2 protein chains.
Amino acid sequence: MKKPPTIKDVADLAKVHAATASRALNPQTRDKVSARTANRILEAAKSLGYAPNSAARSLRTKTSSVAGVIIPDLRNPVFPPIVRGIEDALREAGYMALLGNTDGDVERENELLLAMRGRQTDGFILATGRRADSAPPDGVPTVLVNRRTDAGDIPSVTSDNAAGVHATVRMLAELGHTRIAHVAGPQDLSTGWERYRAFLDAMEAHGLDSDPARIRFAAAFTEDAGRDAAIDLPDDITAIIAGNDLIALGCYQALEVNGLSCPTDVSVVGFNDMPFTSTQRPSLTTVRIPHYDMGFEAARLLLERISSPSAPAKRVVLPVELIRRDSVVRASR
Amino acid sequence: MKKPPTIKDVADLAKVHAATASRALNPQTRDKVSARTANRILEAAKSLGYAPNSAARSLRTKTSSVAGVIIPDLRNPVFPPIVRGIEDALREAGYMALLGNTDGDVERENELLLAMRGRQTDGFILATGRRADSAPPDGVPTVLVNRRTDAGDIPSVTSDNAAGVHATVRMLAELGHTRIAHVAGPQDLSTGWERYRAFLDAMEAHGLDSDPARIRFAAAFTEDAGRDAAIDLPDDITAIIAGNDLIALGCYQALEVNGLSCPTDVSVVGFNDMPFTSTQRPSLTTVRIPHYDMGFEAARLLLERISSPSAPAKRVVLPVELIRRDSVVRASR
DNA sequence: TTGTATGCGTTATCAT
DNA sequence: ATGATAACGCATACAA
């Protein structure tokens, strides 16, 4: 494990000064060097297997080509595709991702932010945003993905939750459903909130009554929370719009406990189209969200922001798609 | 965006020299400073929100407290829990994870390794190992997780694949199954290979005939590859041991195509116990692998290795657990 | 076009 | 126990 060559080694071999080597090695400044010597230097670098020491470069330039990616928990199936999309977009620009999980703990998130900033992270992509969060005080380039803040002063990439809910309500209405329940997600997250508001909107738009007795709020976007929230819904409902797929699976459980069956008695719709929803019993009708693309776009937005930090905070909203499967049928009661 | 405080700012505030502040801030060298001044310095650091500049530290110490984690694809459900375990173990030691996906492409893996090494990565955790891979030539600390090499000269954390297969065969044998098929995974990966070898072993141990006609090799650990491989299995089999859960789901499909039903006609067993196997139809019997723990152990092993690189290459094998669900019943034919 | 000089923030070595 | 100093490798403003 002998130590790697430095730029000085390259310079010596090419019989130039280190500064000249630096200029030749950096594509940005290569034209400040005669083509002949530049070639000689590149040659030397290759023969030595030279790779720049990024610590030294970071120290000097204050940039690292590393982005911090902070999510609640990688084991939640929505995040892997998002992270994968982020990584692919970052890589195109020569960036890498430093990953951290918070489990929804704000303190842990702050620790992570601090630790990552100490590592010269050029910017952050956060999938942990809460509606009430405010922009980072020190102006480090930051992009939200999947969730956004109410204030809207942080760039974000989200999906068109409202359109998804409207499409769902329209489909159910066309199938004769009128007593439609909503098991909403947590209201402090934009995803839970937007879908809930859109539910009220869409019901009204279709002339349907959104009786509060048919609305429940799950404590979290989990199967258990979904079951607990759905367990005491009134018996006369014919459909449930769940805050997301996990909540929808919880609704499956609650219906079973109550001796009802999906889809015969009650149709169920989820949100996300996470993996293996198509092979559940019954296969789940759901609003597909382009998680990979959201991650990809978020990373591009971050890179944009890193190169021009003062540009206005763009907000990208990607389209969704309603996927009809076996969990939805015509209303029978 | 004012610049973050440096150790000099802390030192000035505490009215000491930067060198003293450095000693006080580093737990390793704290005892070289009087307790009183150390406290004063810590106080000052906290009040300024000081975080050490890791680029400078790396440049000086040649270490980064960053580990490279390279996996095939985060969207494969086995990897998120592994990565999460890695991250939790790394965090305990003040390390962070730089993540990269290869899609199984060796060239991309090499690019990633190079790029990460240029970023002063202290070591690597690879979930991409192939049986034929050899140890990295330059002696960078490296640990394999989930898969291992034949040579065994790289430390690894894997699960007891053989025990899982033996338990599975025993269960099936006790339920009266004799014509048991195996849809194996890729044989260039230790997981696919070990399970296949264990299958032959276990069948023999139970006095059962492992007719090659009842063995198939899937081209990949995917649902599609599993279906394609299982589609032409002989009709007289009563059980299938699949190389992993995704292959098992592919077997479900193949059985359906062939007009057979699981579990009535054929019992199916998978490997991994990935999320949502319990809610498939039928719920999948599978060998649960402690992915999170494997990741956690792998990270610990890497940290060990970073602190004493010349220690012998440990190989950790974690126990597995057979989870019986609806996809397995007594042999009826 | 190329060389010289300097500093990024930290820590190790020396001196006090 | 603390301070002074140098050096890690690189990039840049300035000089030649």
# chains A, B, ... in the order shown; residues from 1 in each chain; ligands from 1

$ interface_residues --of "chain C" --to "chain B" --cutoff "8 Å" --atoms "only C-alpha atoms (C1' of nucleotides)" --output "JSON, numbers by chain"
{"C": [8, 9, 10, 11]}

$ write_last_selection --atoms "N, CA and C atoms (P, O5', C5', C4', C3', O3' and C1' of nucleotides)" --output "short mmCIF file (atom, residue, chain, number, x, y, z; two decimals), in the first residue's frame"
data_model
loop_
_atom_site.label_atom_id
_atom_site.label_comp_id
_atom_site.auth_asym_id
_atom_site.auth_seq_id
_atom_site.Cartn_x
_atom_site.Cartn_y
_atom_site.Cartn_z
P DC C 8 -6.27 31.04 4.67
"O5'" DC C 8 -7.37 29.90 4.42
"C5'" DC C 8 -8.19 29.87 3.27
"C4'" DC C 8 -8.48 28.44 2.94
"C3'" DC C 8 -8.65 27.55 4.17
"O3'" DC C 8 -10.04 27.52 4.54
"C1'" DC C 8 -7.32 26.48 2.44
P DG C 9 -10.49 28.00 5.93
"O5'" DG C 9 -10.14 26.73 6.81
"C5'" DG C 9 -10.91 25.55 6.63
"C4'" DG C 9 -10.27 24.43 7.41
"C3'" DG C 9 -10.19 24.68 8.91
"O3'" DG C 9 -10.76 23.55 9.54
"C1'" DG C 9 -8.08 24.03 8.07
P DT C 10 -10.82 23.31 11.08
"O5'" DT C 10 -9.68 22.21 11.26
"C5'" DT C 10 -9.77 21.02 10.52
"C4'" DT C 10 -8.47 20.25 10.58
"C3'" DT C 10 -7.98 19.90 11.98
"O3'" DT C 10 -8.23 18.51 12.20
"C1'" DT C 10 -6.20 20.62 10.54
P DT C 11 -8.01 17.90 13.62
"O5'" DT C 11 -6.45 17.51 13.54
"C5'" DT C 11 -6.05 16.51 12.64
"C4'" DT C 11 -4.53 16.39 12.66
"C3'" DT C 11 -3.93 15.99 14.01
"O3'" DT C 11 -2.84 15.15 13.73
"C1'" DT C 11 -2.94 17.96 13.28
#

$ residues_around --residues "DC14 of chain C" --least-positions-apart "6" --cutoff "12 Å" --atoms "only C-alpha atoms (C1' of nucleotides)" --output "ChimeraX atom specification"
/D:3-6

$ write_last_selection --atoms "N, CA and C atoms (P, O5', C5', C4', C3', O3' and C1' of nucleotides)" --output "CSV table (one decimal), in the first residue's frame"
chain,number,residue,atom,x,y,z
D,3,DG,P,-2.2,28.3,24.6
D,3,DG,O5',-0.8,28.5,23.8
D,3,DG,C5',0.2,29.2,24.5
D,3,DG,C4',1.4,29.3,23.6
D,3,DG,C3',1.1,29.8,22.2
D,3,DG,O3',2.1,30.7,21.8
D,3,DG,C1',2.2,27.6,22.1
D,4,DA,P,2.0,31.5,20.4
D,4,DA,O5',3.1,30.7,19.5
D,4,DA,C5',4.4,30.7,19.9
D,4,DA,C4',5.2,29.9,18.9
D,4,DA,C3',5.1,30.3,17.4
D,4,DA,O3',6.3,30.4,16.8
D,4,DA,C1',4.7,28.0,17.7
D,5,DT,P,6.5,30.9,15.3
D,5,DT,O5',6.5,29.5,14.5
D,5,DT,C5',7.4,28.5,15.0
D,5,DT,C4',7.3,27.2,14.1
D,5,DT,C3',7.0,27.6,12.6
D,5,DT,O3',7.9,26.9,11.8
D,5,DT,C1',5.5,26.0,13.4
D,6,DA,P,8.0,27.2,10.3
D,6,DA,O5',7.8,25.7,9.7
D,6,DA,C5',8.3,24.6,10.4
D,6,DA,C4',7.6,23.3,10.0
D,6,DA,C3',7.4,23.3,8.4
D,6,DA,O3',7.6,21.9,8.0
D,6,DA,C1',5.3,23.0,9.5

$ closest_atom_pairs --of "chain A" --to "chain B" --cutoff "8 Å" --atoms "only C-alpha atoms" --output "tab-separated table"
residue	atom	partner	partner_atom	distance
A:Met1	CA	B:Asp138	CA	5.5
A:Ala51	CA	B:Gly118	CA	6.1
A:Pro52	CA	B:Gly118	CA	6.5
A:Asn53	CA	B:Gly118	CA	5.9
A:Ser54	CA	B:Arg119	CA	5.2
A:Ala55	CA	B:Ala55	CA	4.6
A:Ala56	CA	B:Leu59	CA	5.8
A:Ser58	CA	B:Ala55	CA	6.0
A:Leu59	CA	B:Ala55	CA	5.4
A:Asp73	CA	B:Arg84	CA	7.7
A:Leu74	CA	B:Pro80	CA	5.6
A:Arg75	CA	B:Pro80	CA	5.5
A:Pro80	CA	B:Arg75	CA	5.5
A:Pro81	CA	B:Arg75	CA	5.8
A:Val83	CA	B:Leu74	CA	8.0
A:Arg84	CA	B:Leu74	CA	6.4
A:Glu87	CA	B:Gly100	CA	7.2
A:Met96	CA	B:Leu98	CA	7.0
A:Ala97	CA	B:Leu98	CA	5.7
A:Leu98	CA	B:Leu98	CA	4.6
A:Leu99	CA	B:Ala97	CA	6.0
A:Gly100	CA	B:Glu87	CA	7.2
A:Asn101	CA	B:Arg84	CA	7.7
A:Leu114	CA	B:Ala51	CA	7.0
A:Ala115	CA	B:Ala51	CA	7.2
A:Arg117	CA	B:Ala51	CA	7.9
A:Gly118	CA	B:Asn53	CA	5.1
A:Arg119	CA	B:Ser54	CA	4.9
A:Gln120	CA	B:Ala55	CA	6.9
A:Asp138	CA	B:Met1	CA	4.9
A:Gly139	CA	B:Met1	CA	5.2
A:Val140	CA	B:Met1	CA	7.1
A:Phe276	CA	B:Phe276	CA	7.0
A:Thr279	CA	B:Gln280	CA	6.0
A:Gln280	CA	B:Gln280	CA	5.1
A:Arg281	CA	B:Arg281	CA	6.2

$ select_by_dssp --residues "segment 1-175 of chain B" --states "strand (DSSP E or B)" --output "list of chain:residue names"
B:Val66, B:Ala67, B:Gly68, B:Val69, B:Ile70, B:Ile71, B:Met96, B:Ala97, B:Leu98, B:Leu99, B:Gly100, B:Asn101, B:Gly123, B:Phe124, B:Ile125, B:Leu126, B:Thr142, B:Val143, B:Leu144, B:Val145, B:Ser156, B:Val157, B:Thr158, B:Ser159

$ interface_residues --of "chain D" --to "chain B" --cutoff "9 Å" --atoms "only C-alpha atoms (C1' of nucleotides)" --output "PyMOL selection string"
chain D and resi 1-3+7-9

$ atom_distance --atom1 "atom CA of Arg324 of chain A" --atom2 "atom CA of Val169 of chain A"
12.5 Å

$ closest_residue --among "B:Leu113, B:Ala313, B:Ala127, B:Ala21" --to "Ser190 of chain B" --atoms "only C-alpha atoms"
B:Ala127

$ select_by_dssp --residues "segment 57-290 of chain A" --states "helix (DSSP H, G or I)" --output "number ranges by chain"
A: 57-61, 79-92, 106-118, 161-174, 190-205, 212-214, 223-230, 245-257
